[in-house]
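Below is one structure, written out as structure tokens; the observations come after it.
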Amino acid sequence: MIITKTPVRLSFFGGGTDYPAYFNRYPGAVLGTTINKYNFVTVNPLSPFFDYNYRISYSKQELVKNYQDIIHPSVRECLTYFNIEKGTEINIVADLPARSGLGSSSTFTVGLINALYALKGINATKVQLAMDAVKIEQELIGELVGSQDQYHAAYGGLSKIDFNKNDVTVNTIDINKKYLKKFESQLLLFFTGQTRYANEILDEQIKNTKTCVKDKYLMKMYNMVDIGIDLLTKGDIESFGRLLDKSWNYKKELSTKITNEQINNLYSLAINAGAYGGKLAGAGSGGFLMFVVPEERKISIRKALKNLLEVDFLFEKSGSKVIFKD
């Protein structure tokens with residue numbers, strides 16, 4: 001039995017520049033962090049006494065003879081990629097709901113890849129986990145996903161990830177512990193109650209990216225990555241939050257599907273209650289709203305968003321790891 005534990009992420013700046021349609025033309029970069037909310041994947045040999053060879057348990061259960069018949073796309077393609085022909089049971093448990101904008105899909109893929117490597121007796125490197133996840137999601141499944149979530153999940157921590165046509169580089173951001181703790185304490189995360197399929201949101205954005213019509217916004221968002229890092233290293237959380245607000249306004253220009261009336265209203269409630277700035281996590285149109293707030297305005301902001309579920313979290317820096325092997 002193998003069990004892996006893989007964190008989800010919060011993305012601050014540069015989202016949209018991590019798509020090949022953009023970084024194959026211009027450099028891309030993102031700034032984000034993983035948090036202590038996880039996907040747990042258990043992989044276990046399946047007894048030969050059943051009349052099926054694969055048992056996959058998530059929000060539903062699949063019992064199939066051939067892995068090509070598995071409906072769950074990531075499970076199917078991962079088993080195909082690793083050529084797992086022996087009977088296998090896979091169980092998936094997550095701290096947060098799927099399709100909520102925190103990279104949970106890629107988090108799961110990285111965790112499953114890690115488990116399958118361990119099943120073969122291989123200690124995979126972080127870069128291998130990320131590269132395999134990108135290949136499986138973008139090429140084998142054909143999902144309209146970027147490339148940051150896989151690297152965040154594999155590496156963990158507060159990182160700047162640079163994307164170029166032939167290279168991806170991950171650099172951990174070294175920040176004074178006092179400033180990092182202050183930053184962590186001034187981030188609030190709220191679940192909007194809406195989940196969505198990223199492909200449906202990203203279709204228009206990717207088309208716009210391919211035609212270069214949104215390059216001016218993407219370039220501005222790219223430039224904000226290093227500015228954001230500089231503000232964090234100085235402990236200037238207020239300016240970081242206000243920069244996040246500006247980035248959110250640029251992000252909304254990338255596609256008409258990124259936000260909606262409900263999201264806009266909720267965002268305005270938080271800003272009017274004193275938040276410095278914020279954004280909707282992930283592709284858009286649902287999921288989690290994140291805000292950078294002054295300590296003295298937390299109560300007011302929570303009151304303004306009282307109908308939303310707040311999620312307590314801490315930063316995480318380990319990335320995907322095997323936590324049990326027997």
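FYI, nothing fancy with the structure tokens labels: chains A, B, ... in order, residues from 1 per chain, ligands from 1 as they appear.
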Hey, what's within 12 Å of Val213 of chain A if we count only C-alpha atoms and toss same-chain stuff fewer than 3 positions away? As a VMD selection string, please? chain A and resid 22 204 to 210 216 to 219 253 to 255
Could you dump the residues just selected with C-alpha atoms as a compact mmCIF listing (two decimals), in the first residue's frame?
# COMPACT_ATOMS: atom_id res chain seq x y z
CA TYR A 22 1.90 32.39 -24.08
CA GLU A 204 -12.15 31.61 -24.41
CA GLN A 205 -9.02 32.70 -22.53
CA ILE A 206 -6.77 30.27 -24.41
CA LYS A 207 -8.23 31.35 -27.74
CA ASN A 208 -7.55 34.99 -26.83
CA THR A 209 -4.01 34.08 -25.77
CA LYS A 210 -3.31 32.28 -29.03
CA LYS A 216 -0.69 43.63 -23.08
CA TYR A 217 -2.54 42.43 -19.97
CA LEU A 218 -0.50 39.24 -19.67
CA MET A 219 2.75 41.20 -19.89
CA GLU A 253 -9.80 41.37 -19.14
CA LEU A 254 -8.51 37.99 -20.32
CA SER A 255 -11.97 36.46 -20.78
Output as a count of residues only all residues of segment 29-263 of chain A that backbone DSSP marks as alpha helix (DSSP H). 102
For segment 123-205 of chain A against segment 102-109 of chain A, with a cut-off of 7 Å and counting only C-alpha atoms, what is the closest atom pair and its distance in Å to one decimal for every residue that makes the cut, ordered by chain and number, as a tab-separated table?
residue	atom	partner	partner_atom	distance
A:Ala133	CA	A:Thr109	CA	6.0
A:Asp149	CA	A:Gly103	CA	5.4
A:Gln150	CA	A:Ser106	CA	5.4
A:Ala153	CA	A:Thr107	CA	5.4
Which is closer to Pro7 of chain A than all the others in A:Val110, A:Val30, A:Ala124, A:Leu187, using only C-alpha atoms?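 For Pro7 of chain A, the nearest of the given residues is A:Val110.
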Excluding Leu63 of chain A and any residue of its chain fewer than 3 positions from it, enumerate the residues within 8 Å of it, using only C-alpha atoms, and give them as an MDAnalysis selection string. chainID A and resid 52:56
Within 10 Å of Val145 of chain A, counting only C-alpha atoms, which residues qualify if same-chain residues fewer than 6 places away don't, as a ChimeraX atom specification? /A:16,18-20,103,105-106,134,137-138,198-199,202-203,206,283
Can you tell me, as a count of residues only, which residues in segment 79-212 of chain A count as strand (DSSP E) by DSSP? 24
Using only C-alpha atoms, what table do you get, as a Markdown table, when you list each residue of segment 139-170 of chain A with an atom no more than 12 Å from segment 78-81 of chain A, its nearest pair of atoms, and their distance in Å rounded to one decimal, rows by chain then rising number?
| residue | atom | partner | partner_atom | distance |
| --- | --- | --- | --- | --- |
| A:Glu139 | CA | A:Tyr81 | CA | 11.5 |
| A:Leu140 | CA | A:Tyr81 | CA | 8.8 |
| A:Ile141 | CA | A:Cys78 | CA | 9.7 |
Among the residues A:Ala29, A:Ile229, A:Ala281, A:Ala270, the one that comes closest to Gly101 of chain A [using only C-alpha atoms]: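 With only C-alpha atoms as the atom set, the closest residue is A:Ala281.
Contact shell of Ser239 of chain A at 12 Å (only C-alpha atoms; same-chain neighbours under 3 positions omitted): Phe183, Met224, Ile227, Gly228, Ile229, Asp230, Leu231, Leu232, Thr233, Lys234, Gly235, Asp236, Arg242, Leu243, Leu244, Asp245, Lys246, Ala275, Tyr276, Gly277, Gly278, Val292, Val293 and Pro294 of chain A.
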Please produce an output containing C-alpha atoms for each residue in the selection, written as a PDB file, in the first residue's frame.
ATOM      1  CA  PHE A 183       1.564  37.804   5.358  1.00  0.00           C
ATOM      2  CA  MET A 224       3.850  42.096 -11.269  1.00  0.00           C
ATOM      3  CA  ILE A 227       7.188  43.524  -7.886  1.00  0.00           C
ATOM      4  CA  GLY A 228       5.120  41.301  -5.601  1.00  0.00           C
ATOM      5  CA  ILE A 229       8.213  39.404  -4.456  1.00  0.00           C
ATOM      6  CA  ASP A 230       9.997  42.677  -3.675  1.00  0.00           C
ATOM      7  CA  LEU A 231       7.027  43.895  -1.609  1.00  0.00           C
ATOM      8  CA  LEU A 232       6.877  40.654   0.369  1.00  0.00           C
ATOM      9  CA  THR A 233      10.596  40.664   1.131  1.00  0.00           C
ATOM     10  CA  LYS A 234      10.158  44.209   2.479  1.00  0.00           C
ATOM     11  CA  GLY A 235       7.151  43.183   4.562  1.00  0.00           C
ATOM     12  CA  ASP A 236       4.901  45.661   2.739  1.00  0.00           C
ATOM     13  CA  ARG A 242      -3.271  46.667  -3.553  1.00  0.00           C
ATOM     14  CA  LEU A 243      -1.123  45.219  -6.333  1.00  0.00           C
ATOM     15  CA  LEU A 244      -3.226  42.061  -6.153  1.00  0.00           C
ATOM     16  CA  ASP A 245      -6.331  44.183  -6.707  1.00  0.00           C
ATOM     17  CA  LYS A 246      -4.766  45.684  -9.820  1.00  0.00           C
ATOM     18  CA  ALA A 275      -9.629  44.603   2.247  1.00  0.00           C
ATOM     19  CA  TYR A 276      -6.518  45.877   0.472  1.00  0.00           C
ATOM     20  CA  GLY A 277      -7.158  43.657  -2.518  1.00  0.00           C
ATOM     21  CA  GLY A 278      -7.811  40.120  -3.581  1.00  0.00           C
ATOM     22  CA  VAL A 292      -5.218  40.489   1.717  1.00  0.00           C
ATOM     23  CA  VAL A 293      -6.594  42.418   4.687  1.00  0.00           C
ATOM     24  CA  PRO A 294      -5.478  44.684   7.538  1.00  0.00           C
TER      25      PRO A 294
END
May I ask which of the residues A:Thr4, A:Thr169, A:Asn164, A:Gln128 is the closest one to Val93 of chain A, counting only C-alpha atoms? A:Thr4
Atom pair atom CA of Thr17 of chain A / atom CA of Gly156 of chain A: separation (Å):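 Straight-line distance from atom CA of Thr17 of chain A to atom CA of Gly156 of chain A works out to 19.6 Å.
Of the listed residues A:Asn249, A:Thr211, A:Thr192, A:Thr172, the one whose atoms come nearest to Lys279 of chain A is A:Asn249, with distances taken using only C-alpha atoms.
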